Amino acid sequence: MKIRNKSILVMATCMSISALFSCVDDVKFGDAFLEKAPGGSVTKDTVFNNAEYTRQFLTSLYSYQYYGLPYYNGSGDFPEVNNPYVGKCEVLSDCWHANWSGSAMYNRYYSGSHTAGYGRLADKWHYITNRVWQAVRAGWLLIENVDGVPGLSNEEKLSIKAEAKCIIAARYFDTFRHYGGIPIIKASFSGTDASYDMPRGSVEETVNFMVGLLDEAAASLPWNVDESEASNEEGHWTKAAAMALKCRILLFAASPLFNDTEPYHTDGTNNPAVWYGAYKPELWTRCKDACAEFFTELNKNGRYELVQATGVRPQDYRLAYRKGYATMGSSEILLRVSVTTTDAFKSGYYSWHQWSDPLMSVQRTSYCPTQEYVEMFPWADGTPFDWDKTAADGKLDQMFLTGTVAGGNITLTRDPRLYEEAIVNGQQKTLDWTTGNMSGQSFEMWVGGTDAQLRPETQSGAYGTGYAPIKFLMGDDMLRQYTEWPYLRLSEMYLTYAEALLQTGDLAGAIKQVDVVRSRVGLGGLAECNPTKNLKSDKSALLQEILRERVCELGMEDCRFFDMIRYKMKDRFEKQLHGLRIYRLDASGNRVKTAWYNGDRKNGVEMPTTFEYERFEISAPTRYWWTNGFDPKWYLSPFPQTEVNKGYGLVQNPGW
């Protein structure tokens with residue numbers, strides 16, 4: 001039996017990488033990465049002459065992987081993207097809005113003041129401070145030296161090299177989707193070379209480099225983690241994860257951002273680092289073929305499947321969805337990343353939950369769902385939600401649920417995923433992890449309600465849009481639970497395959513893949529539920545449905561913002577977004593700005609069920625793009641100008 005590392009954690013503390021880089025204050029691509037040799041009290045000769053040290057080195061390499069939730073407020077050996085002062089880039093999309101002014105998303109992007117002359121915490125993906133190049137260099141050191149390590153079998157050496165290649169490829173893609181083509185590093189550096197020439201790779205070169213690493217890795221990795229060693233192996237790269245990341249990369253590359261008849265910015269016409277140079281339909285075929293290969297392997301090897309509901313209630317489907325993305329060992333997570341063993345709900349370093357507490361004066365995770373997002377979720381049977389029709393039918397009071405806690409008859413009326421993406425009025429606060437039963441008091445989201453208080457009116461805090469975030473938070477449901485980042489999920493693969501089939505002309509096949517994802521949460525077939533949209537023949541209409549389905553399924557999982565980027569959705573970036581103000585009405589139809597649970601309930605007043613609804617324009621703050629237009633330069637981040645000025649070949653992105 002192989003002896004392997006414990007379950008991988010982002011903050012894994014291990015002597016090997018830190019020791020090898022100990023003489024380098026801050027290993028940077030353009031500075032110490034190129035100019036200083038590794039050293040310190042422990043050298044690479046020490047690490048790679050001992051099997052256990054080498055395994056620890058691999059564990060430390062895993063600690064550089066991307067984790068999608070802010071969890072640490074500080075500097076040091078932590079990726080800046082995990083600092084709440086940066087913020088999640090999903091709040092630049094049309095589905096969430098940030099209400100905390102301390103983040104770069106709010107004060108640099110919403111204001112339109114971002115420039116190439118930025119330092120720490122200012123860009124959505126800082127080119128230097130996200131530990132990408134440390135991971136790349138360490139990965140190549142491992143690949144170059146593992147063959148000489150005594151005490152490792154040839155099988156384990158191949159596996160270690162394959163995992164390192166996956167991590168390098170993943171770190172490249174994490175950066176590629178923000179910048180386009182980047183310098184291609186194919187070996188570690190001694191640090192003693194006289195000069196360096198590191199030009200940006202073209203889009204094509206960068207994509208082929210990443211895919212090549214993953215193809216090589218997949219050939220040496222097991223399809224899935226061995227069930228008998230799951231406690232030790234969980235979080236390691238597998239063939240399934242490598243093939244899935246390949247599909248994600250090829251989907252991004254084939255999309256119009258890079259693959260179109262013209263570049264996204266007029267200054268990029270002669271820049272192969274930001275454009276393929278023409279529209280190439282074969283890129284979509286390449287993505288489709290990669291997806292087909294993945295599902296062929298899945299059908300042959302099994303192990304991964306969507307978590308299915310054990311009942312037919314909306315809350316049963318909701319629980320299945322929650323278990324799919326949020327539980328350790330979920331059968332649909334192809335690769336997960338975790339932080340420390342002390343991240344269970346407001347403990348240790350992990351401050352994601354602490355910073356979301358609505359009782360705190362500063363809610364750093366106040367990523368409020370927008371009205372536009374909430375209206376993307378269909379009714380519980382899968383038919384589309386239509387505000388105007390619902391209002392005309394006098395059923396707005398039923399647009400989230402019917403019944404009350406007091407009556408014990410609450411029924412969820414919308415797509416079960418909505419209640420995992422947004423807190424809505426009347427939603428009960430607890431969902432049992434075993435039975436799916438809902439319990440506890442209901443969220444009072446009306447103006448003056450127990451939970452929202454006056455925040456929807458003042459547009460402040462986690463309830464500022466009339467909705468509050470719940471994905472990965474889940475309130476007290478997360479007590480004694482551990483939060484993981486689902487880096488790759490099977491449901492994404494179905495939707496990726498659907499998009500590739502659509503773009504290569506197989507609309508019926510695309511619908512079939514989408515319906516696999518919809519059926520897990522009890523929704524009817526996509527075409528049957530949208531009979532007026534001609535989805536079996538209208539490519540554009542079906543694409544919009546697939547993109548809508550992606551954000552309903554993959555909310556807050558770094559999906560929507562990048563979908564808007566890769567399809568160059570200028571109009572959506574410029575679109576004024578809205579929130580929802582709910583006003584409680586008394587028996588005479590007058591607005592009452594008072595709470596029930598912490599207010600009128602104590603006087604014997606029945607729980608309110610009648611409300612007035614007002615969609616309002618978000619104005620605190622407005623976004624620069626809403627009033628000044630969206631410059632295409634924003635599709636990709638600017639490289640730090642200080643890095644460009646170092647002269648090793650980095651060329652600035654167009655418009656910056």
# chains A, B, ... in the order shown; residues from 1 in each chain; ligands from 1
$ residues_around --residues "Leu473 of chain A" --least-positions-apart "4" --cutoff "9 Å" --atoms "only C-alpha atoms" --output "JSON, numbers by chain"
{"A": [345, 352, 353, 356, 469, 477, 478, 483]}
$ residues_around --residues "segment 370-381 of chain A" --least-positions-apart "2" --cutoff "8 Å" --atoms "only C-alpha atoms" --output "ChimeraX atom specification"
/A:94-97,314,368,383-387,412-418,422,465,467,522-524,548,552,577-580,615
$ select_by_dssp --residues "segment 241-385 of chain A" --states "strand (DSSP E)" --output "PyMOL selection string"
chain A and resi 333-338+367-369
$ write_last_selection --atoms "N, CA, C and O atoms" --output "PDB file, in the first residue's frame"
ATOM      1  N   ILE A 333     -17.887  16.074  -6.311  1.00  0.00           N
ATOM      2  CA  ILE A 333     -16.733  16.967  -6.298  1.00  0.00           C
ATOM      3  C   ILE A 333     -15.526  16.229  -6.866  1.00  0.00           C
ATOM      4  O   ILE A 333     -15.086  15.216  -6.329  1.00  0.00           O
ATOM      5  N   LEU A 334     -15.011  16.751  -7.954  1.00  0.00           N
ATOM      6  CA  LEU A 334     -13.869  16.143  -8.632  1.00  0.00           C
ATOM      7  C   LEU A 334     -12.553  16.587  -8.000  1.00  0.00           C
ATOM      8  O   LEU A 334     -11.573  15.849  -8.019  1.00  0.00           O
ATOM      9  N   LEU A 335     -12.533  17.791  -7.471  1.00  0.00           N
ATOM     10  CA  LEU A 335     -11.369  18.283  -6.738  1.00  0.00           C
ATOM     11  C   LEU A 335     -11.844  19.333  -5.756  1.00  0.00           C
ATOM     12  O   LEU A 335     -12.558  20.256  -6.127  1.00  0.00           O
ATOM     13  N   ARG A 336     -11.456  19.178  -4.512  1.00  0.00           N
ATOM     14  CA  ARG A 336     -11.819  20.172  -3.512  1.00  0.00           C
ATOM     15  C   ARG A 336     -10.563  20.708  -2.844  1.00  0.00           C
ATOM     16  O   ARG A 336      -9.522  20.052  -2.783  1.00  0.00           O
ATOM     17  N   VAL A 337     -10.661  21.941  -2.338  1.00  0.00           N
ATOM     18  CA  VAL A 337      -9.569  22.588  -1.616  1.00  0.00           C
ATOM     19  C   VAL A 337     -10.127  23.063  -0.280  1.00  0.00           C
ATOM     20  O   VAL A 337     -11.209  23.644  -0.230  1.00  0.00           O
ATOM     21  N   SER A 338      -9.387  22.802   0.806  1.00  0.00           N
ATOM     22  CA  SER A 338      -9.844  23.196   2.137  1.00  0.00           C
ATOM     23  C   SER A 338      -8.780  24.044   2.821  1.00  0.00           C
ATOM     24  O   SER A 338      -7.614  24.036   2.427  1.00  0.00           O
ATOM     25  N   TYR A 367     -21.946  40.144   0.149  1.00  0.00           N
ATOM     26  CA  TYR A 367     -22.108  39.972  -1.296  1.00  0.00           C
ATOM     27  C   TYR A 367     -23.585  39.709  -1.570  1.00  0.00           C
ATOM     28  O   TYR A 367     -24.049  38.570  -1.572  1.00  0.00           O
ATOM     29  N   CYS A 368     -24.336  40.773  -1.790  1.00  0.00           N
ATOM     30  CA  CYS A 368     -25.788  40.674  -1.852  1.00  0.00           C
ATOM     31  C   CYS A 368     -26.275  40.240  -3.229  1.00  0.00           C
ATOM     32  O   CYS A 368     -25.933  40.862  -4.239  1.00  0.00           O
ATOM     33  N   PRO A 369     -27.105  39.192  -3.287  1.00  0.00           N
ATOM     34  CA  PRO A 369     -27.715  38.820  -4.566  1.00  0.00           C
ATOM     35  C   PRO A 369     -28.571  39.962  -5.105  1.00  0.00           C
ATOM     36  O   PRO A 369     -29.197  40.706  -4.333  1.00  0.00           O
TER      37      PRO A 369
END
$ closest_residue --among "A:Tyr497, A:Phe189, A:Trp433, A:Phe443" --to "Asn598 of chain A" --atoms "only C-alpha atoms"
A:Phe443
$ residues_around --residues "Pro632 of chain A" --least-positions-apart "4" --cutoff "9 Å" --atoms "only C-alpha atoms" --output "list in words"
Tyr264, His265, Thr266, Lys568, Lys570, Leu636, Pro654 and Gly655 of chain A
$ residues_around --residues "Ala320 of chain A" --least-positions-apart "4" --cutoff "7 Å" --atoms "only C-alpha atoms" --output "list of chain:residue names"
A:Val307, A:Gln308, A:Ala309, A:Asp316, A:Gly324
$ write_last_selection --atoms "C-alpha atoms" --output "PDB file, in the first residue's frame"
ATOM      1  CA  VAL A 307     -26.020  13.711  -5.286  1.00  0.00           C
ATOM      2  CA  GLN A 308     -29.688  12.787  -5.649  1.00  0.00           C
ATOM      3  CA  ALA A 309     -32.644  13.652  -3.440  1.00  0.00           C
ATOM      4  CA  ASP A 316     -35.260  17.338  -0.379  1.00  0.00           C
ATOM      5  CA  GLY A 324     -23.316  18.095  -3.653  1.00  0.00           C
TER       6      GLY A 324
END
$ residues_around --residues "Asn425 of chain A" --least-positions-apart "3" --cutoff "9 Å" --atoms "only C-alpha atoms" --output "list in words"
Phe400, Leu401, Gln428, Ser442, Phe443, Glu444, Met445, Trp446, Gly466, Tyr467 and Ile582 of chain A
$ residues_around --residues "Leu58 of chain A" --least-positions-apart "2" --cutoff "9 Å" --atoms "only C-alpha atoms" --output "count of residues only"
17
$ atom_distance --atom1 "atom CA of Ala218 of chain A" --atom2 "atom CA of Leu495 of chain A"
21.8 Å
